[in-house]
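Below is one structure, written out as structure tokens; comments come after it.
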Amino acid sequence: MTPDAVLHRYIEIAAWQPVQPDALAAFVCSDASLLARWCQLLAVPADAERLKVAMIALDAHSLSALAQLQAWTLSPAADTAPMSIERWQDELRLACLAEALAEYVDVAEPTDARVKTLLASAGVQLPLDPLLNDLSRYRGSDLELLEDAQILIRVFAVIERLAHEGETAAEAAAQSLLGIPTDDFADLVDRSANHALAIMSDLGLMDDLGADWRAKLRLEQQLLALGRFFSEWDGDSDPQACMTAHDFVARALLEERSMLLIVDDEQLCPVRTDDLAELKIDIASATSSIARLAKRGEPAEVATSERMSIADRQILDRLGSEDVRIYPMQRSGVLVGALLIGRDDDESHDEFVSAYAAMLSSRLPAPLAVADEANVEVDALHAYRDAESARLRELVHEANNPLSVVRNYLHILEMRLSREPEALAQVQLISEEIQRAAAIVAKAKDLTDPLTLAAQEDDTGDIEALLGPVDVAEVARRVAALQRHDAEQRDVVVALDLPRGPVFAHSDADMLTQILLNLLRNAIEAMADGGNASLSATGGVYRSGVQGVEVTVSDDASGLPAQVLDNLFQPKQSDKGGSHQGLGLHIVHRLVAELEGQIDVRTSDRGTSFTIFLPAATKVASS
């Protein structure tokens, strides 16, 4: 059975136009179910090269149609439990080990060992592959009966013992059947784990493994169907036909609670709404929330208020809702319209509407270009922004790959260190920090244009949804543990002055961790010849009538000079050298502000203290 995450990625590859046979074959050879179906379909044995040659022999249309057909043939039923990605990865790792063993004993085509092991482990048999069938037929045979068997049968016997009897039994089988020493076998096991991770990374399977892939599969199926429905309509050449197609979709899938606005002469105009035929909203309007949010380029909520423009209220009235969600639509970074729909709390429905709006935007008529110098500059700015956005997303994707590899290796270490509690705790701490780093990197994908960023900075509602009760003392202990090694290397003693019980602030654990890490790291680095740093937390503190929590990071260095204090929280060029960017305190100041806290600094020739005040948690969850 193919995990939902793997099937979703396969569907993406199958939907490429044209489908790339090399990429498709490489992906298929990582999954037993896909591999079995394609081998049966193309009447080839379990041989990666012959499978690829057979795919290349197909015309582009047939390959695309067959690839998508196989995807939906494998689509899981709603009530079936999908295979976990962890189990799928274990099967791939065992197959990679079979390839490594075959290569070690000089098999001519070691990749065949991986492909056949994938299928044999799943119990698959192929009429045109008698050797594959023998792997299944003779599995579980005694070692002495396998001494003269074909090499791949012996390799598979080792894999079976590793899967069902453990590493010790597999080591004995590898030495007996293949002449592989114990130390070499252990090295091959580690290399195969690395190989499996590399394959997953190359195939794009390391991102968002915790997502709801079953819902994504349903969405993918809907969008493919809609793509075929719209394939005959081109908004630039036949806008009315495109609008007619959208009308059908709106009635069928959007429950008739939608309204489409398109851009015409720098104005947003309702489509097919006769009683609003004369209504036009300037994109540059200072009063229209719809225009402002459309320019931001991200889905957002529009709620009725007394200060809302009359044009906006008319539109919300026609939709029969006081809460409407707007989905801006762009082509090449230029606003071409917006889809408005009555608010729905179903997140999967929201994801569908977002995807549909993106698809529809490519069909809407492109705005007429104005060939004056100002618009040329705007187009150049849009092009530059789009290029930089694409480059940033590519960097984020590439950064996520090594982070995912490290996270998976840490998972392997956790299993191996299960009997060493202290070492296990340290590995788990590292793993959690890797996840936090990945989350920070992932935020870069959300960067949009300056208008969006400015609006987000003015909107405290988004950050408020992330805040909740956070045990400041626990976060402080965690930060001290993370900096312990660095402090020891610099001969710095970090003292903790924390209450025994929890001290809850209304905050965000990841953001607070980032704040304290920056401050404690600065304190440690300030003491080049060693010294003392401290981390303390106090509850029940009142500032301006607000109850809160104070957390303080101190050092006994020589203090901050006046020229540094004058621009303490501004970005600057660091004089520390190396990878330092001079952004640490600027980030701290911004994060504290986002948490609705305050930051104070006291410094003298006897040291420096930074104190963070955070509002106390008004309600503490049962956890």
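Each chain in the structure tokens gets a letter, A, B and so on, in the order shown; residues start at 1 in every chain, and ligands are counted from 1 in the order they appear.
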
Find the residues near range 146-158 of chain A: any atom within 10 Å, counting only C-alpha atoms, skip ones fewer than 3 places away on the same chain, and give them as an MDAnalysis selection string. chainID A and resid 94:95 97:102 105:107 110 112:114 116:117 120:121 131:132 134:143 161:163 167 169:178

Just to confirm, what's the straight-line distance from CA of Pro328 in chain A to CA of Arg363 in chain A in Å (one decimal)?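 A separation of 13.9 Å between them.
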
Residue neighbourhood Ala358 in chain A, 9 Å, only C-alpha atoms, exclusion window fewer than 5 positions, as a PDB file with C-alpha atoms, in the first residue's frame:
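Below is the file selection_15.pdb, written as the result:
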ATOM      1  CA  TYR A 327      -9.045  35.056  -2.490  1.00  0.00           C
ATOM      2  CA  PRO A 328      -6.938  37.485  -4.573  1.00  0.00           C
ATOM      3  CA  MET A 329      -5.965  36.275  -8.074  1.00  0.00           C
ATOM      4  CA  GLN A 330      -2.793  37.294  -9.857  1.00  0.00           C
ATOM      5  CA  ARG A 331      -1.065  36.638 -13.157  1.00  0.00           C
ATOM      6  CA  VAL A 353     -11.024  27.415  -2.973  1.00  0.00           C
TER       7      VAL A 353
END

Neighbouring residues of Ala71 in chain A were defined as those with any atom within 8 Å, considering only C-alpha atoms; residues of the same chain fewer than 5 positions away were excluded. Please report them as a ChimeraX atom specification. /A:7,10-11

Any chance you could export the current selection's all heavy atoms as an mmCIF file, in the first residue's frame?
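The resulting file, again02.cif, is reproduced below:
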data_model
loop_
_atom_site.group_PDB
_atom_site.id
_atom_site.type_symbol
_atom_site.label_atom_id
_atom_site.label_comp_id
_atom_site.auth_asym_id
_atom_site.auth_seq_id
_atom_site.Cartn_x
_atom_site.Cartn_y
_atom_site.Cartn_z
ATOM 1 N N LEU A 7 1.890 9.020 -2.662
ATOM 2 C CA LEU A 7 0.963 9.050 -3.780
ATOM 3 C C LEU A 7 0.723 10.477 -4.268
ATOM 4 O O LEU A 7 0.637 10.737 -5.470
ATOM 5 C CB LEU A 7 -0.361 8.405 -3.362
ATOM 6 C CG LEU A 7 -1.397 8.191 -4.466
ATOM 7 C CD1 LEU A 7 -0.817 7.375 -5.604
ATOM 8 C CD2 LEU A 7 -2.639 7.511 -3.905
ATOM 9 N N TYR A 10 3.624 11.487 -6.341
ATOM 10 C CA TYR A 10 3.552 10.781 -7.621
ATOM 11 C C TYR A 10 2.562 11.468 -8.563
ATOM 12 O O TYR A 10 2.818 11.620 -9.753
ATOM 13 C CB TYR A 10 3.149 9.321 -7.398
ATOM 14 C CG TYR A 10 2.817 8.582 -8.675
ATOM 15 C CD1 TYR A 10 3.828 8.127 -9.510
ATOM 16 C CD2 TYR A 10 1.495 8.357 -9.043
ATOM 17 C CE1 TYR A 10 3.521 7.469 -10.698
ATOM 18 C CE2 TYR A 10 1.179 7.696 -10.220
ATOM 19 C CZ TYR A 10 2.198 7.256 -11.048
ATOM 20 O OH TYR A 10 1.896 6.601 -12.212
ATOM 21 N N ILE A 11 1.415 11.894 -8.019
ATOM 22 C CA ILE A 11 0.412 12.572 -8.836
ATOM 23 C C ILE A 11 0.979 13.869 -9.410
ATOM 24 O O ILE A 11 0.725 14.227 -10.565
ATOM 25 C CB ILE A 11 -0.858 12.846 -8.011
ATOM 26 C CG1 ILE A 11 -1.572 11.520 -7.701
ATOM 27 C CG2 ILE A 11 -1.804 13.789 -8.744
ATOM 28 C CD1 ILE A 11 -2.713 11.660 -6.731
#

In Å to one decimal, how far is CA of Phe27 in chain A from CA of Leu58 in chain A?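 Between CA of Leu58 in chain A and CA of Phe27 in chain A the gap works out to 17.3 Å.
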